[in-house]
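Okay, query-v1.cif is below, mmCIF, C-alpha atoms and all ligand atoms:
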data_coords
#
loop_
_atom_site.group_PDB
_atom_site.id
_atom_site.type_symbol
_atom_site.label_atom_id
_atom_site.label_comp_id
_atom_site.auth_asym_id
_atom_site.auth_seq_id
_atom_site.Cartn_x
_atom_site.Cartn_y
_atom_site.Cartn_z
ATOM 1 C CA THR A 1303 -46.613 14.055 13.102
ATOM 2 C CA ARG A 1304 -47.815 13.760 9.589
ATOM 3 C CA LYS A 1305 -47.579 16.828 7.374
ATOM 4 C CA ILE A 1306 -50.664 17.401 5.246
ATOM 5 C CA ILE A 1307 -52.034 19.681 2.547
ATOM 6 C CA MET A 1308 -55.819 19.887 2.309
ATOM 7 C CA ASP A 1309 -57.107 20.533 -1.211
ATOM 8 C CA CYS A 1310 -60.832 21.166 -0.896
ATOM 9 C CA ASP A 1311 -64.071 22.758 -2.094
ATOM 10 C CA PRO A 1312 -65.931 23.574 1.151
ATOM 11 C CA GLY A 1313 -68.572 22.207 1.194
ATOM 12 C CA HIS A 1314 -70.112 20.962 4.451
ATOM 13 C CA ASP A 1315 -68.075 17.786 4.709
ATOM 14 C CA ASP A 1316 -64.876 19.538 3.549
ATOM 15 C CA ALA A 1317 -65.423 22.086 6.343
ATOM 16 C CA ILE A 1318 -65.910 19.354 8.937
ATOM 17 C CA ALA A 1319 -62.771 17.624 7.655
ATOM 18 C CA MET A 1320 -60.845 20.847 8.349
ATOM 19 C CA ILE A 1321 -62.416 21.096 11.805
ATOM 20 C CA LEU A 1322 -61.381 17.513 12.607
ATOM 21 C CA ALA A 1323 -57.848 18.035 11.269
ATOM 22 C CA ALA A 1324 -57.215 21.301 13.114
ATOM 23 C CA VAL A 1325 -57.187 19.651 16.559
ATOM 24 C CA GLN A 1326 -55.152 16.555 15.749
ATOM 25 C CA PRO A 1327 -51.801 16.626 17.550
ATOM 26 C CA ASP A 1328 -50.474 14.119 15.008
ATOM 27 C CA LEU A 1329 -51.218 16.308 11.996
ATOM 28 C CA GLU A 1330 -49.497 19.438 10.816
ATOM 29 C CA ILE A 1331 -51.513 21.354 8.229
ATOM 30 C CA LEU A 1332 -49.007 22.994 5.873
ATOM 31 C CA GLY A 1333 -51.569 24.630 3.639
ATOM 32 C CA ILE A 1334 -55.104 24.684 2.349
ATOM 33 C CA THR A 1335 -55.804 24.970 -1.354
ATOM 34 C CA THR A 1336 -59.217 25.350 -2.870
ATOM 35 C CA VAL A 1337 -60.860 24.230 -6.055
ATOM 36 C CA SER A 1338 -64.138 24.900 -7.772
ATOM 37 C CA GLY A 1339 -66.554 22.056 -7.092
ATOM 38 C CA ASN A 1340 -69.452 22.302 -4.696
ATOM 39 C CA ALA A 1341 -69.552 26.009 -5.566
ATOM 40 C CA GLU A 1342 -67.571 28.474 -7.701
ATOM 41 C CA ILE A 1343 -63.958 29.039 -6.672
ATOM 42 C CA GLU A 1344 -64.448 32.419 -4.941
ATOM 43 C CA LYS A 1345 -67.148 30.870 -2.773
ATOM 44 C CA THR A 1346 -65.243 27.717 -1.818
ATOM 45 C CA THR A 1347 -62.194 29.858 -1.009
ATOM 46 C CA MET A 1348 -64.185 32.284 1.155
ATOM 47 C CA ASN A 1349 -65.692 29.283 2.917
ATOM 48 C CA ALA A 1350 -62.254 27.808 3.598
ATOM 49 C CA LEU A 1351 -61.132 31.135 5.073
ATOM 50 C CA LYS A 1352 -64.225 31.309 7.282
ATOM 51 C CA VAL A 1353 -63.575 27.808 8.608
ATOM 52 C CA CYS A 1354 -59.919 28.729 9.248
ATOM 53 C CA ASP A 1355 -61.100 31.640 11.399
ATOM 54 C CA LEU A 1356 -63.509 29.365 13.229
ATOM 55 C CA VAL A 1357 -60.785 26.901 14.222
ATOM 56 C CA SER A 1358 -57.910 29.408 14.551
ATOM 57 C CA LEU A 1359 -55.960 28.187 11.534
ATOM 58 C CA THR A 1360 -55.130 31.800 10.808
ATOM 59 C CA ASP A 1361 -51.424 31.178 10.118
ATOM 60 C CA VAL A 1362 -52.037 28.479 7.540
ATOM 61 C CA VAL A 1363 -51.803 29.620 3.931
ATOM 62 C CA VAL A 1364 -55.074 29.445 1.959
ATOM 63 C CA SER A 1365 -54.594 29.570 -1.812
ATOM 64 C CA LYS A 1366 -57.286 29.787 -4.436
ATOM 65 C CA GLY A 1367 -56.835 27.134 -7.087
ATOM 66 C CA ALA A 1368 -58.538 26.137 -10.303
ATOM 67 C CA SER A 1369 -61.768 27.898 -11.241
ATOM 68 C CA GLU A 1370 -62.553 25.397 -14.003
ATOM 69 C CA PRO A 1371 -61.978 21.697 -14.657
ATOM 70 C CA LEU A 1372 -59.079 20.855 -17.026
ATOM 71 C CA VAL A 1373 -61.234 20.461 -20.130
ATOM 72 C CA ARG A 1374 -64.890 20.260 -19.197
ATOM 73 C CA ILE A 1375 -67.548 22.812 -18.350
ATOM 74 C CA ARG A 1376 -67.838 23.566 -14.666
ATOM 75 C CA GLU A 1377 -70.896 22.349 -12.803
ATOM 76 C CA THR A 1378 -71.527 23.024 -9.105
ATOM 77 C CA ALA A 1379 -73.743 21.348 -6.478
ATOM 78 C CA PRO A 1380 -76.071 23.977 -4.936
ATOM 79 C CA GLY A 1381 -78.758 21.326 -4.450
ATOM 80 C CA ILE A 1382 -76.547 19.660 -1.837
ATOM 81 C CA HIS A 1383 -74.507 22.513 -0.344
ATOM 82 C CA GLY A 1384 -76.731 25.544 -1.007
ATOM 83 C CA ASP A 1385 -75.840 28.537 -3.133
ATOM 84 C CA SER A 1386 -72.880 29.620 -0.961
ATOM 85 C CA GLY A 1387 -71.447 26.093 -0.915
ATOM 86 C CA LEU A 1388 -71.769 26.199 2.882
ATOM 87 C CA ASP A 1389 -75.387 27.112 3.596
ATOM 88 C CA GLY A 1390 -76.829 26.718 7.080
ATOM 89 C CA PRO A 1391 -74.829 28.383 9.841
ATOM 90 C CA GLU A 1392 -74.176 32.112 10.075
ATOM 91 C CA MET A 1393 -70.423 32.635 9.845
ATOM 92 C CA PRO A 1394 -68.640 35.992 9.896
ATOM 93 C CA GLU A 1395 -66.799 37.291 6.846
ATOM 94 C CA PRO A 1396 -63.180 36.066 6.808
ATOM 95 C CA SER A 1397 -60.553 38.098 8.644
ATOM 96 C CA ARG A 1398 -58.092 37.847 5.751
ATOM 97 C CA SER A 1399 -57.898 37.270 2.032
ATOM 98 C CA TRP A 1400 -56.516 34.319 0.108
ATOM 99 C CA SER A 1401 -52.878 34.140 -0.957
ATOM 100 C CA LYS A 1402 -51.800 35.592 -4.308
ATOM 101 C CA GLU A 1403 -50.252 32.261 -5.266
ATOM 102 C CA HIS A 1404 -52.355 29.823 -7.324
ATOM 103 C CA GLY A 1405 -53.392 26.741 -5.339
ATOM 104 C CA SER A 1406 -51.466 24.389 -7.611
ATOM 105 C CA ASP A 1407 -48.306 26.495 -7.164
ATOM 106 C CA THR A 1408 -48.783 26.447 -3.402
ATOM 107 C CA ILE A 1409 -48.940 22.650 -3.534
ATOM 108 C CA ILE A 1410 -45.701 22.552 -5.543
ATOM 109 C CA ARG A 1411 -43.943 25.040 -3.248
ATOM 110 C CA LEU A 1412 -45.010 23.378 0.001
ATOM 111 C CA LEU A 1413 -43.922 19.974 -1.253
ATOM 112 C CA LYS A 1414 -40.539 21.308 -2.326
ATOM 113 C CA GLU A 1415 -39.999 23.235 0.905
ATOM 114 C CA SER A 1416 -40.829 20.324 3.184
ATOM 115 C CA ASP A 1417 -37.943 18.270 4.505
ATOM 116 C CA GLU A 1418 -40.257 15.291 4.948
ATOM 117 C CA PRO A 1419 -42.720 13.710 2.509
ATOM 118 C CA VAL A 1420 -46.177 15.258 2.665
ATOM 119 C CA THR A 1421 -49.632 13.673 2.487
ATOM 120 C CA ILE A 1422 -52.201 15.384 0.274
ATOM 121 C CA LEU A 1423 -55.882 15.179 1.163
ATOM 122 C CA PRO A 1424 -57.991 16.107 -1.871
ATOM 123 C CA THR A 1425 -61.692 16.366 -1.074
ATOM 124 C CA GLY A 1426 -62.921 18.096 -4.221
ATOM 125 C CA PRO A 1427 -62.333 17.641 -7.952
ATOM 126 C CA LEU A 1428 -58.685 16.750 -8.601
ATOM 127 C CA THR A 1429 -57.888 19.713 -10.863
ATOM 128 C CA ASN A 1430 -55.235 21.356 -8.652
ATOM 129 C CA ILE A 1431 -53.390 18.099 -8.067
ATOM 130 C CA ALA A 1432 -53.352 17.320 -11.797
ATOM 131 C CA LEU A 1433 -52.102 20.837 -12.568
ATOM 132 C CA ALA A 1434 -49.337 20.550 -9.971
ATOM 133 C CA LEU A 1435 -48.245 17.152 -11.347
ATOM 134 C CA THR A 1436 -48.204 18.537 -14.888
ATOM 135 C CA LYS A 1437 -46.228 21.662 -14.018
ATOM 136 C CA ALA A 1438 -43.740 19.938 -11.691
ATOM 137 C CA PRO A 1439 -43.734 16.139 -12.140
ATOM 138 C CA GLU A 1440 -40.727 15.901 -9.807
ATOM 139 C CA ILE A 1441 -42.951 16.680 -6.788
ATOM 140 C CA LYS A 1442 -44.078 13.032 -6.868
ATOM 141 C CA ASP A 1443 -41.039 12.143 -4.788
ATOM 142 C CA ASN A 1444 -42.118 14.534 -2.024
ATOM 143 C CA ILE A 1445 -45.610 13.052 -1.739
ATOM 144 C CA GLU A 1446 -45.975 10.413 0.932
ATOM 145 C CA GLU A 1447 -49.501 9.488 -0.011
ATOM 146 C CA ILE A 1448 -52.622 10.961 -1.549
ATOM 147 C CA VAL A 1449 -55.683 10.227 0.590
ATOM 148 C CA LEU A 1450 -58.642 11.364 -1.451
ATOM 149 C CA MET A 1451 -62.412 11.342 -1.382
ATOM 150 C CA GLY A 1452 -63.868 10.365 -4.729
ATOM 151 C CA GLY A 1453 -65.374 7.616 -6.828
ATOM 152 C CA GLY A 1454 -66.917 4.344 -5.772
ATOM 153 C CA THR A 1455 -68.471 1.254 -7.284
ATOM 154 C CA PHE A 1456 -71.647 3.284 -7.814
ATOM 155 C CA GLY A 1457 -72.461 6.938 -8.375
ATOM 156 C CA ASN A 1458 -74.214 9.887 -6.790
ATOM 157 C CA TRP A 1459 -74.042 12.480 -9.559
ATOM 158 C CA THR A 1460 -74.787 10.167 -12.459
ATOM 159 C CA PRO A 1461 -75.946 6.578 -12.026
ATOM 160 C CA THR A 1462 -72.304 5.475 -12.110
ATOM 161 C CA ALA A 1463 -70.165 8.520 -11.258
ATOM 162 C CA GLU A 1464 -69.382 10.265 -7.989
ATOM 163 C CA PHE A 1465 -69.333 14.084 -8.007
ATOM 164 C CA ASN A 1466 -65.608 14.829 -7.422
ATOM 165 C CA ILE A 1467 -64.429 12.459 -10.147
ATOM 166 C CA TRP A 1468 -67.268 13.337 -12.486
ATOM 167 C CA ALA A 1469 -66.503 17.060 -12.140
ATOM 168 C CA ASP A 1470 -63.005 16.603 -13.597
ATOM 169 C CA PRO A 1471 -62.398 13.075 -14.921
ATOM 170 C CA GLU A 1472 -59.289 14.102 -16.892
ATOM 171 C CA ALA A 1473 -57.682 15.392 -13.693
ATOM 172 C CA ALA A 1474 -58.680 12.254 -11.794
ATOM 173 C CA LYS A 1475 -57.162 10.064 -14.517
ATOM 174 C CA LYS A 1476 -53.892 11.975 -14.211
ATOM 175 C CA VAL A 1477 -53.815 11.316 -10.451
ATOM 176 C CA PHE A 1478 -54.768 7.626 -10.613
ATOM 177 C CA ASP A 1479 -52.224 7.010 -13.380
ATOM 178 C CA SER A 1480 -49.449 8.892 -11.545
ATOM 179 C CA GLY A 1481 -47.976 5.985 -9.602
ATOM 180 C CA ILE A 1482 -48.224 7.935 -6.329
ATOM 181 C CA PRO A 1483 -49.467 5.783 -3.402
ATOM 182 C CA THR A 1484 -53.165 6.599 -3.231
ATOM 183 C CA VAL A 1485 -55.871 5.811 -0.700
ATOM 184 C CA VAL A 1486 -59.419 6.201 -1.943
ATOM 185 C CA MET A 1487 -62.400 6.950 0.246
ATOM 186 C CA GLY A 1488 -65.206 6.337 -2.213
ATOM 187 C CA LEU A 1489 -68.951 6.216 -1.751
ATOM 188 C CA ASP A 1490 -68.789 2.551 -0.693
ATOM 189 C CA ILE A 1491 -67.174 3.577 2.582
ATOM 190 C CA THR A 1492 -68.327 7.189 2.981
ATOM 191 C CA HIS A 1493 -71.980 6.121 2.910
ATOM 192 C CA GLN A 1494 -71.228 4.113 6.057
ATOM 193 C CA ALA A 1495 -70.544 7.366 7.945
ATOM 194 C CA GLN A 1496 -73.947 9.012 7.955
ATOM 195 C CA ALA A 1497 -74.791 11.864 10.277
ATOM 196 C CA THR A 1498 -78.216 10.727 11.437
ATOM 197 C CA GLU A 1499 -80.492 12.549 13.845
ATOM 198 C CA GLU A 1500 -78.834 10.683 16.747
ATOM 199 C CA VAL A 1501 -75.363 11.753 15.629
ATOM 200 C CA ILE A 1502 -76.473 15.375 15.282
ATOM 201 C CA ASP A 1503 -78.041 15.233 18.766
ATOM 202 C CA GLN A 1504 -74.717 14.054 20.142
ATOM 203 C CA VAL A 1505 -72.912 16.942 18.443
ATOM 204 C CA ASN A 1506 -75.453 19.427 19.776
ATOM 205 C CA LYS A 1507 -74.852 18.248 23.321
ATOM 206 C CA ILE A 1508 -71.230 19.419 23.101
ATOM 207 C CA ASP A 1509 -71.212 22.872 24.572
ATOM 208 C CA ASN A 1510 -68.908 25.025 22.444
ATOM 209 C CA HIS A 1511 -69.155 27.311 19.439
ATOM 210 C CA VAL A 1512 -67.440 25.003 16.936
ATOM 211 C CA ALA A 1513 -69.709 22.068 17.824
ATOM 212 C CA LYS A 1514 -72.711 24.382 17.418
ATOM 213 C CA ILE A 1515 -71.589 25.296 13.886
ATOM 214 C CA VAL A 1516 -70.942 21.620 13.058
ATOM 215 C CA GLY A 1517 -74.455 20.783 14.310
ATOM 216 C CA GLU A 1518 -75.883 23.407 11.962
ATOM 217 C CA LEU A 1519 -73.750 22.256 9.049
ATOM 218 C CA LEU A 1520 -74.879 18.678 9.562
ATOM 219 C CA ALA A 1521 -78.542 19.640 9.917
ATOM 220 C CA PHE A 1522 -78.440 21.486 6.582
ATOM 221 C CA PHE A 1523 -76.466 18.698 4.878
ATOM 222 C CA ARG A 1524 -78.866 16.091 6.215
ATOM 223 C CA SER A 1525 -81.884 17.997 4.920
ATOM 224 C CA THR A 1526 -80.532 18.182 1.353
ATOM 225 C CA TYR A 1527 -79.512 14.521 1.424
ATOM 226 C CA LYS A 1528 -83.039 13.674 2.521
ATOM 227 C CA GLU A 1529 -84.499 15.758 -0.266
ATOM 228 C CA MET A 1530 -82.191 14.616 -3.081
ATOM 229 C CA PHE A 1531 -81.452 11.006 -2.141
ATOM 230 C CA ASP A 1532 -84.039 10.190 0.529
ATOM 231 C CA PHE A 1533 -81.219 9.314 2.934
ATOM 232 C CA ASP A 1534 -81.866 9.284 6.646
ATOM 233 C CA GLY A 1535 -78.414 10.739 7.396
ATOM 234 C CA ALA A 1536 -75.847 12.841 5.552
ATOM 235 C CA PRO A 1537 -72.696 10.923 4.593
ATOM 236 C CA VAL A 1538 -69.746 13.008 5.813
ATOM 237 C CA HIS A 1539 -67.610 11.829 2.876
ATOM 238 C CA ASP A 1540 -64.560 14.101 3.096
ATOM 239 C CA VAL A 1541 -64.079 13.692 6.836
ATOM 240 C CA LEU A 1542 -62.935 10.113 6.259
ATOM 241 C CA THR A 1543 -59.715 11.275 4.608
ATOM 242 C CA VAL A 1544 -58.643 12.985 7.839
ATOM 243 C CA ALA A 1545 -59.885 10.128 10.015
ATOM 244 C CA TYR A 1546 -57.827 7.695 7.934
ATOM 245 C CA CYS A 1547 -54.649 9.710 8.517
ATOM 246 C CA VAL A 1548 -55.044 9.711 12.285
ATOM 247 C CA ALA A 1549 -56.782 6.374 12.889
ATOM 248 C CA PRO A 1550 -56.148 3.969 9.999
ATOM 249 C CA GLU A 1551 -57.134 1.075 12.281
ATOM 250 C CA LEU A 1552 -60.774 2.158 11.862
ATOM 251 C CA PHE A 1553 -60.575 1.346 8.156
ATOM 252 C CA GLU A 1554 -60.578 -1.789 6.078
ATOM 253 C CA THR A 1555 -59.094 -1.260 2.627
ATOM 254 C CA LYS A 1556 -58.457 -3.412 -0.390
ATOM 255 C CA ASP A 1557 -55.566 -3.092 -2.851
ATOM 256 C CA VAL A 1558 -57.104 -2.616 -6.274
ATOM 257 C CA ASN A 1559 -56.662 -1.074 -9.665
ATOM 258 C CA ILE A 1560 -58.825 1.966 -10.292
ATOM 259 C CA ALA A 1561 -59.278 3.358 -13.792
ATOM 260 C CA VAL A 1562 -61.234 6.490 -14.622
ATOM 261 C CA GLU A 1563 -63.602 6.632 -17.581
ATOM 262 C CA THR A 1564 -63.025 9.848 -19.512
ATOM 263 C CA LYS A 1565 -64.835 9.000 -22.737
ATOM 264 C CA GLY A 1566 -68.068 7.111 -22.092
ATOM 265 C CA GLU A 1567 -71.277 8.297 -23.709
ATOM 266 C CA PHE A 1568 -73.102 7.951 -20.387
ATOM 267 C CA THR A 1569 -70.329 7.003 -18.005
ATOM 268 C CA ALA A 1570 -67.724 9.809 -17.980
ATOM 269 C CA GLY A 1571 -66.256 10.182 -14.512
ATOM 270 C CA THR A 1572 -66.977 6.605 -13.507
ATOM 271 C CA THR A 1573 -64.284 4.873 -11.468
ATOM 272 C CA LEU A 1574 -63.747 1.260 -12.516
ATOM 273 C CA ILE A 1575 -62.761 -0.408 -9.288
ATOM 274 C CA ASP A 1576 -61.328 -3.821 -9.982
ATOM 275 C CA LEU A 1577 -62.274 -5.476 -6.691
ATOM 276 C CA HIS A 1578 -61.752 -8.984 -8.020
ATOM 277 C CA GLY A 1579 -58.660 -8.405 -10.115
ATOM 278 C CA VAL A 1580 -60.409 -9.292 -13.362
ATOM 279 C CA THR A 1581 -58.603 -6.734 -15.525
ATOM 280 C CA GLY A 1582 -55.071 -7.810 -14.753
ATOM 281 C CA ARG A 1583 -54.169 -4.123 -14.402
ATOM 282 C CA LYS A 1584 -51.637 -3.189 -11.753
ATOM 283 C CA VAL A 1585 -52.758 -2.206 -8.251
ATOM 284 C CA ASN A 1586 -52.726 1.596 -7.950
ATOM 285 C CA ALA A 1587 -54.882 2.292 -4.891
ATOM 286 C CA LYS A 1588 -56.043 1.243 -1.477
ATOM 287 C CA PHE A 1589 -59.822 1.381 -1.669
ATOM 288 C CA GLY A 1590 -61.870 1.875 1.495
ATOM 289 C CA ILE A 1591 -64.432 -0.875 1.995
ATOM 290 C CA GLY A 1592 -65.135 -1.141 5.722
ATOM 291 C CA LEU A 1593 -65.427 1.414 8.514
ATOM 292 C CA ASP A 1594 -65.626 1.041 12.292
ATOM 293 C CA VAL A 1595 -68.599 3.402 12.397
ATOM 294 C CA GLU A 1596 -68.761 3.694 16.161
ATOM 295 C CA GLY A 1597 -65.028 4.343 16.403
ATOM 296 C CA PHE A 1598 -65.299 6.985 13.699
ATOM 297 C CA TRP A 1599 -67.993 8.980 15.509
ATOM 298 C CA LYS A 1600 -66.087 8.658 18.766
ATOM 299 C CA LEU A 1601 -63.070 10.218 17.100
ATOM 300 C CA MET A 1602 -65.270 13.026 15.792
ATOM 301 C CA MET A 1603 -66.926 13.753 19.154
ATOM 302 C CA LYS A 1604 -63.595 13.667 20.949
ATOM 303 C CA ALA A 1605 -62.227 16.233 18.500
ATOM 304 C CA LEU A 1606 -65.234 18.524 18.880
ATOM 305 C CA LYS A 1607 -64.935 18.449 22.667
ATOM 306 C CA LYS A 1608 -61.444 19.924 22.338
ATOM 307 C CA TYR A 1609 -62.831 23.238 21.123
HETATM 308 C C1 LIG Q 1701 -68.279 14.723 -2.625
HETATM 309 O O1 LIG Q 1701 -68.955 15.732 -3.342
HETATM 310 C C2 LIG Q 1701 -69.137 16.874 -2.551
HETATM 311 O O2 LIG Q 1701 -70.458 17.269 -2.607
HETATM 312 C C3 LIG Q 1701 -68.704 16.522 -1.161
HETATM 313 O O3 LIG Q 1701 -68.057 17.632 -0.549
HETATM 314 C C4 LIG Q 1701 -67.780 15.359 -1.342
HETATM 315 O O4 LIG Q 1701 -66.444 15.777 -1.523
HETATM 316 C C5 LIG Q 1701 -69.216 13.539 -2.410
HETATM 317 O O5 LIG Q 1701 -69.584 13.008 -3.634
HETATM 318 CA CA CA Q 1702 -65.785 18.054 -1.106
#

Transcribe the structure of this file into structure tokens.
Ligand code: BDR
Ligand code: CA
Amino acid sequence: TRKIIMDCDPGHDDAIAMILAAVQPDLEILGITTVSGNAEIEKTTMNALKVCDLVSLTDVVVSKGASEPLVRIRETAPGIHGDSGLDGPEMPEPSRSWSKEHGSDTIIRLLKESDEPVTILPTGPLTNIALALTKAPEIKDNIEEIVLMGGGTFGNWTPTAEFNIWADPEAAKKVFDSGIPTVVMGLDITHQAQATEEVIDQVNKIDNHVAKIVGELLAFFRSTYKEMFDFDGAPVHDVLTVAYCVAPELFETKDVNIAVETKGEFTAGTTLIDLHGVTGRKVNAKFGIGLDVEGFWKLMMKALKKY
């Protein structure tokens, strides 16, 4: 089994990533840390706790992390995820509160306590990871891999920047420059995994409560993607990080250098993905380029049927 920490900002796709992870026999979720991103930190943390109740992750620590990016002004994404960050389904108030420990301290503690290297799955802005690396640089040795959702060769929040990287470019730079083995699920690959009407129909045919909630999450997510981007389906970005950990054979990746623009007049938060090795900069990431789309949805349906 692979030990993982999920650092997230639920978020429809973050929530579905948790739902997929919770039933994987090959994954052990050590902790869930939250960050401000899709919505303010209290909201993303409440959402994480609600999803934990839904999938019986009630023993897993949930810690509230950074409420603001490292240096920039916070901006959230209600146009995509609704005001709560997880609009759509009705979900009961959480059965417990978040931990008193800051998310970045939970990351440090869990890494230090683990006898085996741990994989971190960041699916929001990278603020908590950057804070943890700044406070305790020695944790690098305990990280097996970072499998993150962010960036791409094009943008969705600005013409060139993806939301998670754009929201905290200074934090992203810290992570990409850290030397830790990093796998990047950017927009190039996440846009291949779109929850279309057919996919949502398939989910709705699965007769259990979790699948019903996922159907509602996807229906809401699809409607905002239609409205904002005129997409036919909602890309389930964050879910790919979990899928990669359990079924890497579904993914084609390329070893590249990725640099993060922190200064540009128009381009802050852009990831410069050197697909053709033109910069001469050292490889620092595996970048997702191809997905077995059918295999991916099979994995998802199989997981939902377990509930
Ligand atoms: C990313 O931004 C958020 O809206 C999603 O949860 C995902 O992590 C996609 O750009
Ligand atoms: Ca997210």

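If you measure from each of A:Asn1506, A:Thr1526, A:Ser1358, A:Thr1335 to Leu1428 in chain A using all atoms listed in the file, the closest one turns out to be A:Thr1335.
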
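Nearest-residue note for ligand CA 1702 (chain Q): choosing from A:Gly1592, A:Gly1405, A:Pro1461, A:Gly1453, the minimum distance belongs to A:Gly1453, counting only C-alpha atoms and all ligand atoms.
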
List the residues matched by the PyMOL selection byres (((not hetatm)) within 10 of (chain Q and resi 1701)) in the displayed structure as a PyMOL selection string, ordered by chain and then by residue number. chain A and resi 1310-1319+1339-1341+1378-1383+1387-1388+1424-1427+1450-1454+1457-1459+1463-1469+1487-1489+1492-1493+1523+1537-1541

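Restricting the calculation to all atoms listed in the file, the smallest distance between ligand CA 1702 (chain Q) and any of A:Ala1545, A:Met1320, A:Ile1575, A:Val1558 is found for A:Met1320.
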
Could you write out as a PDB file with C-alpha atoms, keeping the file's coordinate frame the residues that the PyMOL selection byres (((chain A and resi 1596-1602) around 12) and not hetatm) matches in the shown file?
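That gives us part-v4.pdb:
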ATOM      1  CA  ILE A1318     -65.910  19.354   8.937  1.00  0.00           C
ATOM      2  CA  ALA A1319     -62.771  17.624   7.655  1.00  0.00           C
ATOM      3  CA  MET A1320     -60.845  20.847   8.349  1.00  0.00           C
ATOM      4  CA  ILE A1321     -62.416  21.096  11.805  1.00  0.00           C
ATOM      5  CA  LEU A1322     -61.381  17.513  12.607  1.00  0.00           C
ATOM      6  CA  ALA A1323     -57.848  18.035  11.269  1.00  0.00           C
ATOM      7  CA  ALA A1324     -57.215  21.301  13.114  1.00  0.00           C
ATOM      8  CA  VAL A1325     -57.187  19.651  16.559  1.00  0.00           C
ATOM      9  CA  GLN A1326     -55.152  16.555  15.749  1.00  0.00           C
ATOM     10  CA  ILE A1491     -67.174   3.577   2.582  1.00  0.00           C
ATOM     11  CA  THR A1492     -68.327   7.189   2.981  1.00  0.00           C
ATOM     12  CA  GLN A1494     -71.228   4.113   6.057  1.00  0.00           C
ATOM     13  CA  ALA A1495     -70.544   7.366   7.945  1.00  0.00           C
ATOM     14  CA  GLN A1496     -73.947   9.012   7.955  1.00  0.00           C
ATOM     15  CA  ALA A1497     -74.791  11.864  10.277  1.00  0.00           C
ATOM     16  CA  THR A1498     -78.216  10.727  11.437  1.00  0.00           C
ATOM     17  CA  GLU A1500     -78.834  10.683  16.747  1.00  0.00           C
ATOM     18  CA  VAL A1501     -75.363  11.753  15.629  1.00  0.00           C
ATOM     19  CA  ILE A1502     -76.473  15.375  15.282  1.00  0.00           C
ATOM     20  CA  GLN A1504     -74.717  14.054  20.142  1.00  0.00           C
ATOM     21  CA  VAL A1505     -72.912  16.942  18.443  1.00  0.00           C
ATOM     22  CA  ILE A1508     -71.230  19.419  23.101  1.00  0.00           C
ATOM     23  CA  ALA A1513     -69.709  22.068  17.824  1.00  0.00           C
ATOM     24  CA  VAL A1516     -70.942  21.620  13.058  1.00  0.00           C
ATOM     25  CA  VAL A1538     -69.746  13.008   5.813  1.00  0.00           C
ATOM     26  CA  VAL A1541     -64.079  13.692   6.836  1.00  0.00           C
ATOM     27  CA  LEU A1542     -62.935  10.113   6.259  1.00  0.00           C
ATOM     28  CA  THR A1543     -59.715  11.275   4.608  1.00  0.00           C
ATOM     29  CA  VAL A1544     -58.643  12.985   7.839  1.00  0.00           C
ATOM     30  CA  ALA A1545     -59.885  10.128  10.015  1.00  0.00           C
ATOM     31  CA  TYR A1546     -57.827   7.695   7.934  1.00  0.00           C
ATOM     32  CA  VAL A1548     -55.044   9.711  12.285  1.00  0.00           C
ATOM     33  CA  ALA A1549     -56.782   6.374  12.889  1.00  0.00           C
ATOM     34  CA  PRO A1550     -56.148   3.969   9.999  1.00  0.00           C
ATOM     35  CA  GLU A1551     -57.134   1.075  12.281  1.00  0.00           C
ATOM     36  CA  LEU A1552     -60.774   2.158  11.862  1.00  0.00           C
ATOM     37  CA  PHE A1553     -60.575   1.346   8.156  1.00  0.00           C
ATOM     38  CA  GLY A1592     -65.135  -1.141   5.722  1.00  0.00           C
ATOM     39  CA  LEU A1593     -65.427   1.414   8.514  1.00  0.00           C
ATOM     40  CA  ASP A1594     -65.626   1.041  12.292  1.00  0.00           C
ATOM     41  CA  VAL A1595     -68.599   3.402  12.397  1.00  0.00           C
ATOM     42  CA  MET A1603     -66.926  13.753  19.154  1.00  0.00           C
ATOM     43  CA  LYS A1604     -63.595  13.667  20.949  1.00  0.00           C
ATOM     44  CA  ALA A1605     -62.227  16.233  18.500  1.00  0.00           C
ATOM     45  CA  LEU A1606     -65.234  18.524  18.880  1.00  0.00           C
ATOM     46  CA  LYS A1607     -64.935  18.449  22.667  1.00  0.00           C
ATOM     47  CA  LYS A1608     -61.444  19.924  22.338  1.00  0.00           C
ATOM     48  CA  TYR A1609     -62.831  23.238  21.123  1.00  0.00           C
TER      49      TYR A1609
END

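Candidate residues A:Glu1447, A:Leu1423, A:Gly1390, A:Cys1354 were compared for distance to ligand CA 1702 (chain Q), and the nearest is A:Leu1423, using all atoms listed in the file.
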